[in-house]
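J.: My structure is stored as my_file.txt, with compact mmCIF, C-alpha atoms (C1' of nucleotides).
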# COMPACT_ATOMS: atom_id res chain seq x y z
CA MET A 1 0.00 0.00 0.00
CA ASN A 2 2.45 2.53 -1.26
CA ASN A 3 4.70 0.97 1.34
CA THR A 4 7.39 3.54 1.86
CA ASN A 5 10.04 0.92 2.42
CA GLY A 6 9.02 -1.61 -0.18
CA ILE A 7 9.64 -1.82 -3.86
CA ILE A 8 6.47 0.08 -4.81
CA GLY A 9 7.58 3.02 -2.69
CA GLN A 10 10.92 2.82 -4.47
CA PHE A 11 9.21 3.11 -7.85
CA SER A 12 7.23 6.13 -6.80
CA ARG A 13 10.25 7.85 -5.26
CA ILE A 14 12.18 7.36 -8.49
CA THR A 15 9.26 8.73 -10.50
CA GLU A 16 9.08 11.79 -8.25
CA ALA A 17 12.82 12.35 -8.39
CA ALA A 18 12.69 12.23 -12.19
CA ASN A 19 9.83 14.71 -12.25
CA LEU A 20 11.79 17.06 -10.04
CA ILE A 21 14.73 16.96 -12.43
CA ILE A 22 12.38 17.74 -15.31
CA LYS A 23 10.92 20.70 -13.43
CA ASN A 24 14.37 22.03 -12.62
CA GLU A 25 15.54 21.66 -16.20
CA LEU A 26 12.44 23.43 -17.46
CA SER A 27 12.88 26.35 -15.12
CA ALA A 28 16.61 26.54 -15.90
CA ARG A 29 15.54 26.96 -19.54
CA LYS A 30 12.92 29.58 -18.57
CA ILE A 31 10.14 27.42 -19.98
CA GLU A 32 7.00 28.41 -18.10
CA GLY A 33 3.64 26.74 -17.84
CA ILE A 34 4.99 23.28 -18.67
CA VAL A 35 5.09 20.47 -16.12
CA PRO A 36 6.10 16.81 -16.45
CA ALA A 37 2.47 15.75 -16.91
CA HIS A 38 2.42 17.65 -20.21
CA GLY A 39 5.23 15.45 -21.52
CA PRO A 40 3.09 12.73 -23.09
CA ILE A 41 0.86 15.30 -24.82
CA LEU A 42 3.80 17.24 -26.20
CA VAL A 43 5.72 14.18 -27.34
CA PHE A 44 2.64 13.04 -29.21
CA LEU A 45 2.11 16.44 -30.82
CA PHE A 46 5.77 16.57 -31.87
CA GLU A 47 5.13 13.43 -33.92
CA GLN A 48 2.13 14.89 -35.75
CA SER A 49 2.30 16.76 -39.03
CA GLY A 50 -1.04 18.54 -38.69
CA PRO A 51 -3.95 19.28 -36.34
CA ILE A 52 -5.36 16.28 -34.50
CA PRO A 53 -8.56 15.76 -32.49
CA ILE A 54 -8.43 15.84 -28.70
CA LYS A 55 -9.89 12.35 -28.78
CA THR A 56 -6.65 11.08 -30.30
CA ILE A 57 -4.65 12.55 -27.45
CA VAL A 58 -6.96 10.96 -24.89
CA GLN A 59 -6.35 7.59 -26.51
CA LYS A 60 -2.58 8.00 -26.53
CA ILE A 61 -1.80 9.36 -23.11
CA ARG A 62 -3.10 7.48 -20.11
CA ARG A 63 -5.53 10.11 -18.84
CA VAL A 64 -9.30 10.49 -18.92
CA LYS A 65 -10.80 13.06 -21.19
CA SER A 66 -11.74 15.59 -18.52
CA THR A 67 -8.11 15.69 -17.47
CA VAL A 68 -7.04 16.17 -21.07
CA THR A 69 -9.58 18.97 -21.55
CA ALA A 70 -8.07 20.84 -18.63
CA MET A 71 -4.46 20.32 -19.73
CA ILE A 72 -5.22 21.30 -23.33
CA ASN A 73 -6.84 24.50 -22.11
CA ASN A 74 -3.85 25.21 -19.92
CA LEU A 75 -1.40 24.62 -22.77
CA GLU A 76 -3.52 26.84 -25.00
CA ARG A 77 -3.68 29.61 -22.39
CA ASN A 78 0.10 29.46 -22.17
CA GLY A 79 0.41 29.69 -25.93
CA TYR A 80 1.92 26.28 -26.69
CA ILE A 81 -0.97 24.89 -28.72
CA SER A 82 -3.99 26.18 -30.62
CA LYS A 83 -7.49 24.76 -30.93
CA GLN A 84 -9.81 24.96 -33.91
CA PRO A 85 -13.11 23.19 -34.50
CA CYS A 86 -13.23 20.68 -37.33
CA GLN A 87 -15.69 21.79 -40.01
CA ARG A 88 -16.57 18.30 -41.24
CA ASP A 89 -17.60 17.20 -37.76
CA THR A 90 -18.18 20.12 -35.46
CA ARG A 91 -18.05 17.91 -32.37
CA ILE A 92 -14.34 17.57 -32.94
CA ILE A 93 -11.78 20.08 -31.76
CA ASN A 94 -8.47 19.90 -33.56
CA VAL A 95 -5.30 20.79 -31.75
CA GLU A 96 -1.82 21.63 -32.97
CA LEU A 97 1.43 23.09 -31.73
CA THR A 98 1.99 26.82 -32.13
CA ALA A 99 5.39 28.27 -33.02
CA LYS A 100 6.01 28.63 -29.29
CA GLY A 101 5.08 24.99 -28.84
CA ASN A 102 7.45 23.87 -31.55
CA ASN A 103 10.21 25.94 -30.05
CA ILE A 104 10.48 23.74 -26.98
CA ARG A 105 10.94 20.57 -28.99
CA LYS A 106 14.71 20.70 -28.75
CA ASP A 107 14.68 21.33 -25.00
CA PHE A 108 12.24 18.50 -24.62
CA PHE A 109 14.55 15.93 -26.15
CA GLU A 110 17.58 17.34 -24.41
CA ILE A 111 15.84 16.92 -21.09
CA SER A 112 14.88 13.36 -21.97
CA GLU A 113 18.52 12.69 -22.77
CA ILE A 114 19.71 14.19 -19.51
CA LEU A 115 17.23 12.12 -17.61
CA ILE A 116 18.24 8.86 -19.24
CA ASN A 117 21.92 9.62 -18.75
CA LYS A 118 21.46 10.38 -15.09
CA THR A 119 19.32 7.32 -14.59
CA TYR A 120 21.75 4.92 -16.22
CA ASN A 121 24.89 6.59 -14.98
CA ASN A 122 27.44 3.93 -13.94
CA ILE A 123 25.14 1.07 -14.91
CA PRO A 124 26.67 -1.12 -17.65
CA GLU A 125 24.61 -1.55 -20.80
CA ASN A 126 23.89 -5.25 -20.41
CA GLN A 127 22.49 -4.56 -16.96
CA GLN A 128 20.38 -1.76 -18.39
CA GLN A 129 18.75 -4.24 -20.73
CA ASP A 130 18.18 -6.81 -18.01
CA LEU A 131 16.62 -4.09 -15.90
CA MET A 132 14.22 -3.02 -18.63
CA LYS A 133 13.19 -6.64 -19.10
CA GLN A 134 12.46 -7.05 -15.44
CA LEU A 135 10.51 -3.82 -15.31
CA SER A 136 8.40 -5.08 -18.20
CA VAL A 137 7.76 -8.29 -16.32
CA ILE A 138 6.76 -6.37 -13.21
CA GLU A 139 4.48 -4.06 -15.17
CA SER A 140 2.69 -7.01 -16.71
CA ASN A 141 2.53 -8.74 -13.32
CA LEU A 142 0.62 -5.73 -12.02
CA THR A 143 -1.63 -5.14 -15.01
CA MET B 144 10.47 14.12 -19.87
CA ASN B 145 8.13 11.51 -18.63
CA ASN B 146 9.03 9.81 -21.87
CA THR B 147 6.26 7.30 -22.39
CA ASN B 148 8.57 4.79 -23.98
CA GLY B 149 11.61 5.20 -21.79
CA ILE B 150 12.53 3.86 -18.42
CA ILE B 151 11.00 6.78 -16.52
CA GLY B 152 7.65 6.17 -18.16
CA GLN B 153 8.01 2.54 -17.15
CA PHE B 154 8.49 3.54 -13.52
CA SER B 155 5.42 5.73 -13.52
CA ARG B 156 3.29 3.10 -15.25
CA ILE B 157 4.31 0.56 -12.63
CA THR B 158 3.50 3.00 -9.84
CA GLU B 159 0.09 3.68 -11.34
CA ALA B 160 -0.64 0.00 -11.86
CA ALA B 161 0.22 -0.65 -8.21
CA ASN B 162 -2.05 2.17 -7.09
CA LEU B 163 -4.88 0.75 -9.14
CA ILE B 164 -4.48 -2.63 -7.45
CA ILE B 165 -4.58 -0.90 -4.07
CA LYS B 166 -7.76 0.96 -4.99
CA ASN B 167 -9.40 -2.23 -6.19
CA GLU B 168 -8.42 -4.12 -3.05
CA LEU B 169 -9.74 -1.32 -0.87
CA SER B 170 -13.07 -1.22 -2.65
CA ALA B 171 -13.31 -5.04 -2.59
CA ARG B 172 -12.96 -4.73 1.18
CA LYS B 173 -15.57 -1.93 1.29
CA ILE B 174 -13.04 0.45 2.79
CA GLU B 175 -14.19 3.93 1.80
CA GLY B 176 -12.42 7.27 1.90
CA ILE B 177 -8.96 5.72 1.73
CA VAL B 178 -6.70 6.10 -1.30
CA PRO B 179 -3.10 5.00 -1.91
CA ALA B 180 -1.77 8.44 -0.96
CA HIS B 181 -2.99 7.83 2.59
CA GLY B 182 -0.76 4.77 2.88
CA PRO B 183 2.33 6.51 4.25
CA ILE B 184 0.28 8.37 6.87
CA LEU B 185 -1.50 5.22 7.99
CA VAL B 186 1.60 3.06 8.09
CA PHE B 187 3.25 5.67 10.29
CA LEU B 188 0.26 5.90 12.61
CA PHE B 189 0.13 2.11 12.90
CA GLU B 190 3.64 2.25 14.36
CA GLN B 191 2.74 4.82 17.01
CA SER B 192 1.52 4.00 20.49
CA GLY B 193 -0.10 7.37 21.21
CA PRO B 194 -1.11 10.69 19.70
CA ILE B 195 1.54 12.42 17.60
CA PRO B 196 1.86 15.96 16.22
CA ILE B 197 1.02 16.63 12.59
CA LYS B 198 4.55 17.98 12.26
CA THR B 199 5.89 14.49 12.81
CA ILE B 200 3.78 13.16 9.96
CA VAL B 201 4.97 15.94 7.67
CA GLN B 202 8.56 14.94 8.42
CA LYS B 203 7.95 11.27 7.73
CA ILE B 204 5.90 11.26 4.56
CA ARG B 205 7.24 13.14 1.58
CA ARG B 206 4.55 15.79 1.40
CA VAL B 207 4.39 19.48 2.33
CA LYS B 208 2.41 20.49 5.36
CA SER B 209 -0.53 22.03 3.51
CA THR B 210 -1.04 18.70 1.76
CA VAL B 211 -0.88 16.88 5.07
CA THR B 212 -3.38 19.29 6.63
CA ALA B 213 -5.87 18.45 3.88
CA MET B 214 -5.33 14.70 4.11
CA ILE B 215 -5.56 14.70 7.90
CA ASN B 216 -8.85 16.59 7.70
CA ASN B 217 -10.12 14.13 5.13
CA LEU B 218 -9.12 11.13 7.23
CA GLU B 219 -10.76 12.75 10.26
CA ARG B 220 -13.96 13.51 8.35
CA ASN B 221 -14.06 9.86 7.32
CA GLY B 222 -13.58 8.76 10.92
CA TYR B 223 -10.18 7.09 10.66
CA ILE B 224 -8.27 9.48 12.91
CA SER B 225 -8.98 12.04 15.61
CA LYS B 226 -7.34 15.38 16.34
CA GLN B 227 -6.82 17.02 19.71
CA PRO B 228 -4.79 20.11 20.59
CA CYS B 229 -1.76 19.58 22.81
CA GLN B 230 -2.15 21.43 26.11
CA ARG B 231 1.55 21.97 26.74
CA ASP B 232 2.00 23.70 23.41
CA THR B 233 -1.27 24.80 21.90
CA ARG B 234 0.28 25.30 18.48
CA ILE B 235 0.51 21.54 18.21
CA ILE B 236 -2.35 19.33 17.06
CA ASN B 237 -2.00 15.71 18.07
CA VAL B 238 -3.42 13.00 15.87
CA GLU B 239 -4.21 9.36 16.50
CA LEU B 240 -6.05 6.47 14.94
CA THR B 241 -9.65 5.88 15.96
CA ALA B 242 -11.08 2.39 16.42
CA LYS B 243 -12.19 2.57 12.80
CA GLY B 244 -8.66 3.54 11.82
CA ASN B 245 -7.18 0.64 13.73
CA ASN B 246 -9.64 -1.73 12.13
CA ILE B 247 -8.10 -1.37 8.70
CA ARG B 248 -4.63 -2.28 9.92
CA LYS B 249 -5.01 -5.91 8.95
CA ASP B 250 -6.34 -5.11 5.48
CA PHE B 251 -3.53 -2.68 5.05
CA PHE B 252 -0.83 -5.28 5.54
CA GLU B 253 -2.71 -7.87 3.54
CA ILE B 254 -2.83 -5.48 0.63
CA SER B 255 0.88 -4.76 0.96
CA GLU B 256 1.50 -8.50 0.89
CA ILE B 257 -0.67 -8.98 -2.19
CA LEU B 258 1.13 -6.19 -3.94
CA ILE B 259 4.59 -7.56 -3.21
CA ASN B 260 3.57 -11.05 -4.25
CA LYS B 261 2.12 -9.83 -7.53
CA THR B 262 5.15 -7.66 -8.19
CA TYR B 263 7.69 -10.41 -7.57
CA ASN B 264 5.66 -13.22 -9.05
CA ASN B 265 7.93 -15.54 -11.06
CA ILE B 266 11.04 -13.50 -10.27
CA PRO B 267 13.64 -15.59 -8.37
CA GLU B 268 14.76 -14.21 -5.04
CA ASN B 269 18.35 -13.46 -5.99
CA GLN B 270 17.10 -11.39 -8.90
CA GLN B 271 14.74 -9.56 -6.56
CA GLN B 272 17.70 -8.47 -4.50
CA ASP B 273 19.71 -7.39 -7.51
CA LEU B 274 16.72 -5.42 -8.69
CA MET B 275 16.33 -3.61 -5.38
CA LYS B 276 20.01 -2.73 -5.45
CA GLN B 277 19.74 -1.28 -8.93
CA LEU B 278 16.66 0.69 -8.01
CA SER B 279 18.57 2.18 -5.08
CA VAL B 280 21.39 3.14 -7.41
CA ILE B 281 18.95 4.76 -9.81
CA GLU B 282 17.19 6.63 -7.03
CA SER B 283 20.48 8.04 -5.80
CA ASN B 284 21.50 8.85 -9.38
CA LEU B 285 18.42 11.02 -9.64
CA THR B 286 18.55 12.63 -6.22
C1' DT C 287 -38.22 12.17 -41.64
C1' DG C 288 -38.20 11.43 -36.64
C1' DA C 289 -36.68 8.93 -32.59
C1' DC C 290 -32.76 6.66 -30.60
C1' DT C 291 -28.03 6.02 -29.81
C1' DT C 292 -23.29 7.03 -30.12
C1' DT C 293 -19.53 10.20 -29.95
C1' DA C 294 -16.58 14.45 -28.68
C1' DG C 295 -15.83 17.67 -25.39
C1' DT C 296 -17.00 20.39 -21.41
C1' DT C 297 -18.45 21.14 -16.71
C1' DC C 298 -18.73 20.10 -11.90
C1' DG C 299 -17.39 18.31 -7.53
C1' DC C 300 -13.93 16.22 -5.06
C1' DC C 301 -9.16 14.91 -3.91
C1' DT C 302 -3.99 15.11 -3.91
C1' DA C 303 -0.23 18.30 -4.26
C1' DC C 304 2.37 22.53 -4.10
C1' DG C 305 3.90 27.19 -2.63
C1' DA C 306 3.00 31.48 -0.56
C1' DA C 307 0.81 34.05 2.78
C1' DC C 308 -1.31 34.11 7.14
C1' DT C 309 -2.55 33.20 12.34
C1' DA C 310 -1.39 32.08 16.70
C1' DT C 311 1.59 30.51 20.04
C1' DA C 312 6.41 29.70 21.83
C1' DT C 313 10.99 30.80 22.25
C1' DT C 314 15.01 33.98 22.01
C1' DT C 315 17.27 37.86 22.56
C1' DA C 316 18.18 42.52 23.57
C1' DT D 317 9.92 42.51 30.22
C1' DA D 318 9.32 43.95 25.38
C1' DA D 319 10.60 43.06 20.74
C1' DA D 320 12.11 39.94 17.38
C1' DT D 321 12.13 35.44 15.67
C1' DA D 322 10.93 30.69 15.18
C1' DT D 323 7.48 27.06 14.95
C1' DA D 324 2.87 24.57 14.00
C1' DG D 325 -1.00 24.59 11.35
C1' DT D 326 -4.41 26.61 8.35
C1' DT D 327 -5.99 29.03 4.29
C1' DC D 328 -5.94 30.29 -0.46
C1' DG D 329 -5.06 29.92 -5.27
C1' DT D 330 -3.68 26.93 -8.93
C1' DA D 331 -3.06 22.57 -11.29
C1' DG D 332 -3.23 17.50 -12.28
C1' DG D 333 -6.38 13.71 -11.90
C1' DC D 334 -10.79 11.14 -11.66
C1' DG D 335 -15.77 10.00 -12.38
C1' DA D 336 -20.36 11.38 -13.29
C1' DA D 337 -23.43 14.22 -15.52
C1' DC D 338 -24.18 17.20 -19.23
C1' DT D 339 -24.38 19.46 -24.19
C1' DA D 340 -24.24 19.28 -28.87
C1' DA D 341 -23.56 17.15 -33.04
C1' DA D 342 -23.38 12.81 -35.84
C1' DG D 343 -24.86 8.53 -37.11
C1' DT D 344 -28.41 4.73 -37.10
C1' DC D 345 -32.64 2.74 -37.73
C1' DA D 346 -37.46 2.22 -38.11
Show me the file's structure as structure tokens.

T.:
Amino acid sequence: MNNTNGIIGQFSRITEAANLIIKNELSARKIEGIVPAHGPILVFLFEQSGPIPIKTIVQKIRRVKSTVTAMINNLERNGYISKQPCQRDTRIINVELTAKGNNIRKDFFEISEILINKTYNNIPENQQQDLMKQLSVIESNLT
Amino acid sequence: MNNTNGIIGQFSRITEAANLIIKNELSARKIEGIVPAHGPILVFLFEQSGPIPIKTIVQKIRRVKSTVTAMINNLERNGYISKQPCQRDTRIINVELTAKGNNIRKDFFEISEILINKTYNNIPENQQQDLMKQLSVIESNLT
DNA sequence: TGACTTTAGTTCGCCTACGAACTATATTTA
DNA sequence: TAAATATAGTTCGTAGGCGAACTAAAGTCA
């Protein structure tokens, strides 16, 4: 039960430590209004070549649609993305990165790189692979 | 940056999967008003023999005091703990488990057990230890 | 065509979580 | 002792996160 001492507590401490590094890197780069939770949305938008429906984002990131609505609005308010209704099907709202949104792409991947390097620091590559395998096993054990 | 594919995303998926199991176990046991985030508070209170200041809880669990205030009030409203001001130092609010709070102790440890068993299912013990060591290394790499 | 159902998003209420500001009480220090 | 400072908790505003209820627009079907 989120046992502070046990392995589950260890996973959540690592996750929180990683998120803190991300926050620090973002603020060191003067990127405002972005938090780690936006990562999955942004990484998905970076892969797109045009506007995509919010629905698509909901399906990709592991969050319910009311959460996505709120985050999309926040990202829009901060100028990283823009919304426009689809004219074929007016239920749909299409979303795409603005210039400001595209500008943080490079920082985004740099931060990912930093994070991976810090994580794997002094761990030999063959052990890295074994670790990933075991984490996959654990994830499927819990799913 | 919370890279969905990378190792950090793996950690957060595992954490979320574990929290989902906890929620399901709690609701299967008809325990209401308790969520995984309460775990660290409860486990700490289970170890105490008498009322303790909120300050002490803040120091133990990794949350700021305003968060703890809210959770304590929630746990009190749901009848799991009681608050009483300390008479020596009236700034201090002492907190302890109620009978209802003590009643979930057993479920709490059962759920922890279930979680650990599911996590480590089909992973031999020597590998479990190696894994814990590597997770410690990673945590300190990120801290 | 008109009723029914599905779908896409939003809204609302509640909680965790944070940081900053605030209150009230102790403690220190001048 | 009076003033300054430290400490314990609360409050407030904001955001992520969820589920349930809601709106509006398509799509389906009789």

J.: With 8 Å as the limit and counting only C-alpha atoms (C1' of nucleotides), what residues in chain D lie close to chain B? Please list them as a list in words.

T.: DA324, DG325 and DT326 of chain D

J.: Which residue is closest to chain C? Choose from A:Ala28, A:Ile72, A:Val137, A:Leu142 and count only C-alpha atoms (C1' of nucleotides).

T.: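 Counting only C-alpha atoms (C1' of nucleotides), the residue closest to chain C is A:Ile72.
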
J.: Matching every Cα in sequence order between the two identical chains, what are the coordinates of chain B once fitted onto chain A? Write them as an mmCIF file with C-alpha atoms, keeping the file's coordinate frame.

T.:
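Now in out39.cif:
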data_model
loop_
_atom_site.group_PDB
_atom_site.id
_atom_site.type_symbol
_atom_site.label_atom_id
_atom_site.label_comp_id
_atom_site.auth_asym_id
_atom_site.auth_seq_id
_atom_site.Cartn_x
_atom_site.Cartn_y
_atom_site.Cartn_z
ATOM 1 C CA MET B 144 0.050 0.025 0.055
ATOM 2 C CA ASN B 145 2.480 2.534 -1.220
ATOM 3 C CA ASN B 146 4.745 0.981 1.359
ATOM 4 C CA THR B 147 7.453 3.558 1.875
ATOM 5 C CA ASN B 148 10.103 0.945 2.432
ATOM 6 C CA GLY B 149 9.100 -1.588 -0.173
ATOM 7 C CA ILE B 150 9.686 -1.829 -3.860
ATOM 8 C CA ILE B 151 6.530 0.088 -4.781
ATOM 9 C CA GLY B 152 7.635 3.032 -2.685
ATOM 10 C CA GLN B 153 10.964 2.837 -4.475
ATOM 11 C CA PHE B 154 9.232 3.108 -7.842
ATOM 12 C CA SER B 155 7.254 6.143 -6.792
ATOM 13 C CA ARG B 156 10.288 7.849 -5.265
ATOM 14 C CA ILE B 157 12.193 7.345 -8.502
ATOM 15 C CA THR B 158 9.290 8.729 -10.514
ATOM 16 C CA GLU B 159 9.108 11.776 -8.274
ATOM 17 C CA ALA B 160 12.851 12.341 -8.396
ATOM 18 C CA ALA B 161 12.709 12.224 -12.197
ATOM 19 C CA ASN B 162 9.847 14.707 -12.247
ATOM 20 C CA LEU B 163 11.799 17.050 -10.026
ATOM 21 C CA ILE B 164 14.745 16.955 -12.425
ATOM 22 C CA ILE B 165 12.380 17.754 -15.288
ATOM 23 C CA LYS B 166 10.916 20.707 -13.403
ATOM 24 C CA ASN B 167 14.365 22.033 -12.596
ATOM 25 C CA GLU B 168 15.531 21.680 -16.188
ATOM 26 C CA LEU B 169 12.426 23.446 -17.442
ATOM 27 C CA SER B 170 12.863 26.351 -15.069
ATOM 28 C CA ALA B 171 16.601 26.551 -15.871
ATOM 29 C CA ARG B 172 15.523 26.969 -19.490
ATOM 30 C CA LYS B 173 12.902 29.583 -18.509
ATOM 31 C CA ILE B 174 10.137 27.435 -19.945
ATOM 32 C CA GLU B 175 6.993 28.406 -18.052
ATOM 33 C CA GLY B 176 3.611 26.734 -17.799
ATOM 34 C CA ILE B 177 4.976 23.292 -18.628
ATOM 35 C CA VAL B 178 5.091 20.474 -16.082
ATOM 36 C CA PRO B 179 6.096 16.811 -16.424
ATOM 37 C CA ALA B 180 2.470 15.742 -16.880
ATOM 38 C CA HIS B 181 2.420 17.643 -20.173
ATOM 39 C CA GLY B 182 5.235 15.478 -21.518
ATOM 40 C CA PRO B 183 3.093 12.748 -23.071
ATOM 41 C CA ILE B 184 0.858 15.306 -24.800
ATOM 42 C CA LEU B 185 3.810 17.235 -26.181
ATOM 43 C CA VAL B 186 5.737 14.192 -27.326
ATOM 44 C CA PHE B 187 2.654 13.050 -29.215
ATOM 45 C CA LEU B 188 2.124 16.448 -30.812
ATOM 46 C CA PHE B 189 5.780 16.586 -31.850
ATOM 47 C CA GLU B 190 5.162 13.443 -33.902
ATOM 48 C CA GLN B 191 2.165 14.889 -35.736
ATOM 49 C CA SER B 192 2.335 16.772 -39.006
ATOM 50 C CA GLY B 193 -1.020 18.546 -38.684
ATOM 51 C CA PRO B 194 -3.910 19.273 -36.352
ATOM 52 C CA ILE B 195 -5.323 16.277 -34.494
ATOM 53 C CA PRO B 196 -8.527 15.731 -32.499
ATOM 54 C CA ILE B 197 -8.409 15.833 -28.716
ATOM 55 C CA LYS B 198 -9.853 12.325 -28.805
ATOM 56 C CA THR B 199 -6.621 11.080 -30.315
ATOM 57 C CA ILE B 200 -4.635 12.558 -27.449
ATOM 58 C CA VAL B 201 -6.959 10.967 -24.908
ATOM 59 C CA GLN B 202 -6.323 7.588 -26.531
ATOM 60 C CA LYS B 203 -2.562 8.002 -26.511
ATOM 61 C CA ILE B 204 -1.807 9.373 -23.076
ATOM 62 C CA ARG B 205 -3.120 7.485 -20.089
ATOM 63 C CA ARG B 206 -5.532 10.117 -18.845
ATOM 64 C CA VAL B 207 -9.320 10.507 -18.942
ATOM 65 C CA LYS B 208 -10.809 13.067 -21.254
ATOM 66 C CA SER B 209 -11.787 15.595 -18.590
ATOM 67 C CA THR B 210 -8.152 15.701 -17.503
ATOM 68 C CA VAL B 211 -7.044 16.187 -21.085
ATOM 69 C CA THR B 212 -9.580 18.979 -21.597
ATOM 70 C CA ALA B 213 -8.074 20.855 -18.651
ATOM 71 C CA MET B 214 -4.480 20.326 -19.753
ATOM 72 C CA ILE B 215 -5.228 21.312 -23.343
ATOM 73 C CA ASN B 216 -6.861 24.518 -22.121
ATOM 74 C CA ASN B 217 -3.871 25.215 -19.920
ATOM 75 C CA LEU B 218 -1.411 24.620 -22.750
ATOM 76 C CA GLU B 219 -3.515 26.855 -25.001
ATOM 77 C CA ARG B 220 -3.704 29.616 -22.392
ATOM 78 C CA ASN B 221 0.078 29.461 -22.141
ATOM 79 C CA GLY B 222 0.406 29.701 -25.914
ATOM 80 C CA TYR B 223 1.910 26.297 -26.670
ATOM 81 C CA ILE B 224 -0.981 24.908 -28.703
ATOM 82 C CA SER B 225 -3.989 26.178 -30.624
ATOM 83 C CA LYS B 226 -7.491 24.759 -30.950
ATOM 84 C CA GLN B 227 -9.799 24.947 -33.942
ATOM 85 C CA PRO B 228 -13.107 23.174 -34.539
ATOM 86 C CA CYS B 229 -13.196 20.645 -37.366
ATOM 87 C CA GLN B 230 -15.646 21.713 -40.071
ATOM 88 C CA ARG B 231 -16.499 18.222 -41.281
ATOM 89 C CA ASP B 232 -17.548 17.134 -37.817
ATOM 90 C CA THR B 233 -18.146 20.047 -35.506
ATOM 91 C CA ARG B 234 -18.032 17.849 -32.424
ATOM 92 C CA ILE B 235 -14.312 17.522 -32.989
ATOM 93 C CA ILE B 236 -11.766 20.065 -31.789
ATOM 94 C CA ASN B 237 -8.446 19.880 -33.576
ATOM 95 C CA VAL B 238 -5.278 20.795 -31.753
ATOM 96 C CA GLU B 239 -1.802 21.650 -32.958
ATOM 97 C CA LEU B 240 1.437 23.104 -31.704
ATOM 98 C CA THR B 241 2.002 26.827 -32.106
ATOM 99 C CA ALA B 242 5.401 28.277 -32.993
ATOM 100 C CA LYS B 243 6.010 28.640 -29.269
ATOM 101 C CA GLY B 244 5.069 24.997 -28.813
ATOM 102 C CA ASN B 245 7.443 23.895 -31.532
ATOM 103 C CA ASN B 246 10.214 25.954 -30.012
ATOM 104 C CA ILE B 247 10.467 23.761 -26.947
ATOM 105 C CA ARG B 248 10.927 20.595 -28.979
ATOM 106 C CA LYS B 249 14.693 20.728 -28.727
ATOM 107 C CA ASP B 250 14.678 21.343 -24.976
ATOM 108 C CA PHE B 251 12.236 18.535 -24.605
ATOM 109 C CA PHE B 252 14.537 15.956 -26.138
ATOM 110 C CA GLU B 253 17.572 17.364 -24.392
ATOM 111 C CA ILE B 254 15.824 16.926 -21.083
ATOM 112 C CA SER B 255 14.855 13.368 -21.970
ATOM 113 C CA GLU B 256 18.494 12.700 -22.798
ATOM 114 C CA ILE B 257 19.698 14.201 -19.523
ATOM 115 C CA LEU B 258 17.223 12.121 -17.616
ATOM 116 C CA ILE B 259 18.232 8.861 -19.271
ATOM 117 C CA ASN B 260 21.909 9.608 -18.799
ATOM 118 C CA LYS B 261 21.451 10.385 -15.120
ATOM 119 C CA THR B 262 19.298 7.311 -14.625
ATOM 120 C CA TYR B 263 21.728 4.913 -16.282
ATOM 121 C CA ASN B 264 24.882 6.570 -15.052
ATOM 122 C CA ASN B 265 27.433 3.913 -14.045
ATOM 123 C CA ILE B 266 25.113 1.051 -14.984
ATOM 124 C CA PRO B 267 26.637 -1.140 -17.743
ATOM 125 C CA GLU B 268 24.559 -1.551 -20.867
ATOM 126 C CA ASN B 269 23.824 -5.249 -20.497
ATOM 127 C CA GLN B 270 22.449 -4.584 -17.035
ATOM 128 C CA GLN B 271 20.316 -1.779 -18.442
ATOM 129 C CA GLN B 272 18.678 -4.251 -20.766
ATOM 130 C CA ASP B 273 18.118 -6.811 -18.046
ATOM 131 C CA LEU B 274 16.588 -4.095 -15.926
ATOM 132 C CA MET B 275 14.174 -3.025 -18.649
ATOM 133 C CA LYS B 276 13.130 -6.633 -19.114
ATOM 134 C CA GLN B 277 12.424 -7.050 -15.424
ATOM 135 C CA LEU B 278 10.477 -3.823 -15.300
ATOM 136 C CA SER B 279 8.330 -5.087 -18.172
ATOM 137 C CA VAL B 280 7.707 -8.306 -16.285
ATOM 138 C CA ILE B 281 6.734 -6.377 -13.175
ATOM 139 C CA GLU B 282 4.442 -4.072 -15.112
ATOM 140 C CA SER B 283 2.640 -7.030 -16.637
ATOM 141 C CA ASN B 284 2.511 -8.738 -13.235
ATOM 142 C CA LEU B 285 0.605 -5.746 -11.938
ATOM 143 C CA THR B 286 -1.663 -5.166 -14.909
#

J.: Show me, as a VMD selection string, every residue of chain A with an atom at most 9 Å from chain B, counting all atoms listed in the file.

T.: chain A and resid 1 to 4 6 to 22 36 to 40 43 61 108 to 109 111 to 113 115 to 116 118 to 123 131 to 132 134 to 143

J.: If we count all atoms listed in the file, what is near DC301 in chain C at a cut-off of 9 Å, once residues fewer than 5 positions away on the same chain are taken out, given as a list of chain:residue names?

T.: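 My reading of the contact set: B:Met214, D:DG333, D:DC334.
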
J.: Would you give me, as a list in words, the residues of chain C that come within 8 Å of chain A, using only C-alpha atoms (C1' of nucleotides)?

T.: DA294, DG295 and DT296 of chain C

J.: Using all atoms listed in the file, which protein or nucleic acid residues come within 9 Å of DA303 in chain C? Drop anything in the same chain fewer than 5 positions from it, and give the result as an mmCIF file with C-alpha atoms (C1' of nucleotides), in the frame of the given file.

T.:
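Contents of selection.cif, freshly written:
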data_model
loop_
_atom_site.group_PDB
_atom_site.id
_atom_site.type_symbol
_atom_site.label_atom_id
_atom_site.label_comp_id
_atom_site.auth_asym_id
_atom_site.auth_seq_id
_atom_site.Cartn_x
_atom_site.Cartn_y
_atom_site.Cartn_z
ATOM 1 C CA ARG B 206 4.550 15.790 1.400
ATOM 2 C CA VAL B 207 4.390 19.480 2.330
ATOM 3 C CA SER B 209 -0.530 22.030 3.510
ATOM 4 C CA THR B 210 -1.040 18.700 1.760
ATOM 5 C "C1'" DA D 331 -3.060 22.570 -11.290
ATOM 6 C "C1'" DG D 332 -3.230 17.500 -12.280
#
